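Just below is one structure, and these are the notes that go with it.
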Amino acid sequence: MSRRFRAAVLRSYEDPFAVEDVVLHTEPAAGELLVEIAGAGMCRTDLAVRRSAGRSPLPAVLGHEGAGVVVGAGGGPGTEIGPGDHVVLSFDSCGHCRNCRGAAPAYCDSFASLNLFGGRAQEPPRLGDAAGKALAPRWFGQSSFAEYALVSARNAVRVDPALPVELLGPLGCGFLTGAGAVLNTFRASPADPLVVLGAGAVGLAAVMAAGAAGVPVVAVDRHTRRLELAERFGAVALPADAAGLPERIRRLTDGGARYALDTTASPALINDALRALRPTGTLGLVARLHTALPLEPGTLDRGRSVRHICEGDAVPGLLIPVLTELWRAGRFPFDQLIRTYPLAHINEAERDCDAGRVVKPVLLPEGRSR
């Protein structure tokens, strides 16, 4: 049985999204769920497809921070989620490679083939447009800029139906990444000062998680409004162009930060962060680097280290419930970063995101706008 619904389709790297009818040609197979999307966050990774130089096949439906209500389930072993359940959708993983078995699904051996279009070319067409042309396979296992998404049950996390499900999607990626870096990767404590470079969605999630854990945090950004938000969540704010930035951070962190999280991919700020670390300090990188990263002499002296962090080193089924409980307690107010848009206004949301007018756009399918 086929299902027709509305979705935002990206047809070329330069054109705006087009909200149009699409057709899903299959029902959920074993281990799959059909989810009616209540809201989907817009992430920089979605927008980066425009800069992928042809590596991502188009036309396609993007979106990988979906949340909604299950309306169909294919059953099968280990499937505990069913129709009526409210779910947050996160990244996909195989569940049986060494890293998945070791509770590190973000480093799944099949991460690229399960989450990125390029690795799904062998999959039979499931989604097409009204004219019958196939759309690219599931983006991050979701393609949730739509009224419905067909997903693996493995990348769905059941949540309390009393929660505002339309706002929860960013917990599956952007907010998960920032909070997970603090709580999982660094396991930061009140004795471990943290500096966060970039006060966007990921950076501010890290600031909020640090506040919840009692970790002293310094936030660096070039936007005054975002620095004000960081201060609201308990950070000491510094402008990115402040003179002597590493020295100022060291003074604010009693001799140097124990951890630094970079969300900017700016070589200058990355070098500043390394200079601001105390001996044996660690810098975590979450933003994708598009050029070579020159490290200045001395930045890796005295035991300092650099590592990449994917998806906050999170097991979504474990971290997402922690974050929703922190939100209930008023200690992780992620909703203050969100502005909602009707799905039909996706191009306005993209423009606002690019211009820094909004931290986290969330797209609401028709009938859920508010």
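Each chain in the structure tokens gets a letter, A, B, ..., in the order shown, and its residues are numbered from 1; ligands are numbered from 1 in order too.
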Distance query Thr177 (chain A) at most 7 Å, only C-alpha atoms, self and fewer than 3 positions along chain excluded, as number ranges by chain: A: 173-174, 180-181, 202, 311-312
Those in region 36-240 of chain A with strand (DSSP E or B) from DSSP, as a PyMOL selection string: chain A and resi 36-41+60-61+66-73+86-89+127-129+134+146+148-152+156-159+194-197+217-221+236-239
Pick from A:Gly172, A:Pro59, A:Pro193, A:Pro294 nearest to Lys133 (chain A), counting only C-alpha atoms: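 So, comparing all the options, the nearest one is A:Pro59.
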DSSP helix (DSSP H, G or I) residues within region 120-221 of chain A, listed as an NGL selection string: :A and (120 or 139-141 or 153-155 or 165-167 or 169-172 or 174-186 or 201-213)
Residue neighbourhood Phe175 (chain A), 8 Å, only C-alpha atoms, exclusion window fewer than 3 positions, as an MDAnalysis selection string: chainID A and resid 170:172 178:179 201:202 205:206 334
For the selection just defined, write its residues with N, CA, C and O atoms to a file, as an mmCIF file, in the first residue's frame.
```
data_model
loop_
_atom_site.group_PDB
_atom_site.id
_atom_site.type_symbol
_atom_site.label_atom_id
_atom_site.label_comp_id
_atom_site.auth_asym_id
_atom_site.auth_seq_id
_atom_site.Cartn_x
_atom_site.Cartn_y
_atom_site.Cartn_z
ATOM 1 N N PRO A 170 15.339 17.953 18.041
ATOM 2 C CA PRO A 170 16.769 18.283 18.145
ATOM 3 C C PRO A 170 17.518 17.509 19.217
ATOM 4 O O PRO A 170 18.753 17.483 19.203
ATOM 5 N N LEU A 171 16.795 16.854 20.141
ATOM 6 C CA LEU A 171 17.472 15.990 21.112
ATOM 7 C C LEU A 171 18.094 14.779 20.436
ATOM 8 O O LEU A 171 18.943 14.105 21.021
ATOM 9 N N GLY A 172 17.697 14.500 19.199
ATOM 10 C CA GLY A 172 18.240 13.348 18.492
ATOM 11 C C GLY A 172 19.568 13.597 17.811
ATOM 12 O O GLY A 172 20.226 12.650 17.396
ATOM 13 N N GLY A 178 25.993 18.287 21.696
ATOM 14 C CA GLY A 178 26.591 19.211 22.656
ATOM 15 C C GLY A 178 26.555 18.693 24.071
ATOM 16 O O GLY A 178 27.561 18.719 24.798
ATOM 17 N N ALA A 179 25.391 18.204 24.489
ATOM 18 C CA ALA A 179 25.263 17.687 25.852
ATOM 19 C C ALA A 179 26.101 16.433 26.041
ATOM 20 O O ALA A 179 26.754 16.246 27.078
ATOM 21 N N ALA A 201 23.476 25.916 18.342
ATOM 22 C CA ALA A 201 22.668 24.882 18.982
ATOM 23 C C ALA A 201 23.524 23.875 19.737
ATOM 24 O O ALA A 201 23.236 23.531 20.885
ATOM 25 N N VAL A 202 24.601 23.385 19.114
ATOM 26 C CA VAL A 202 25.463 22.402 19.772
ATOM 27 C C VAL A 202 26.199 23.037 20.946
ATOM 28 O O VAL A 202 26.256 22.479 22.049
ATOM 29 N N ALA A 205 23.857 23.803 23.864
ATOM 30 C CA ALA A 205 23.487 22.556 24.547
ATOM 31 C C ALA A 205 24.606 22.123 25.479
ATOM 32 O O ALA A 205 24.361 21.641 26.591
ATOM 33 N N ALA A 206 25.860 22.310 25.037
ATOM 34 C CA ALA A 206 27.001 21.986 25.898
ATOM 35 C C ALA A 206 27.024 22.900 27.114
ATOM 36 O O ALA A 206 27.294 22.457 28.242
ATOM 37 N N PHE A 334 16.238 23.537 26.739
ATOM 38 C CA PHE A 334 16.520 23.583 25.306
ATOM 39 C C PHE A 334 15.417 24.278 24.517
ATOM 40 O O PHE A 334 15.659 24.828 23.434
#
```
Nearest to Trp139 (chain A), chosen from A:Ala162, A:Leu269, A:Val49, A:Val220, with only C-alpha atoms counted in the distances: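 Using only C-alpha atoms, Trp139 (chain A) sits closest to A:Val49.
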Non-local contacts of Gly132 (chain A) (12 Å; only C-alpha atoms; under 4 positions in same chain excluded) as a VMD selection string: chain A and resid 4 21 to 25 125 to 128
Residue nearest Ala146 (chain A) among A:Arg232, A:Arg101, A:His64, A:Arg6 (counting only C-alpha atoms):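 Ranking A:Arg232, A:Arg101, A:His64, A:Arg6 by distance to Ala146 (chain A), first place goes to A:Arg6.
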Of the listed residues A:Leu274, A:Leu47, A:Val61, A:Val358, that which approaches Tyr148 (chain A) most closely, counting only C-alpha atoms: A:Val61
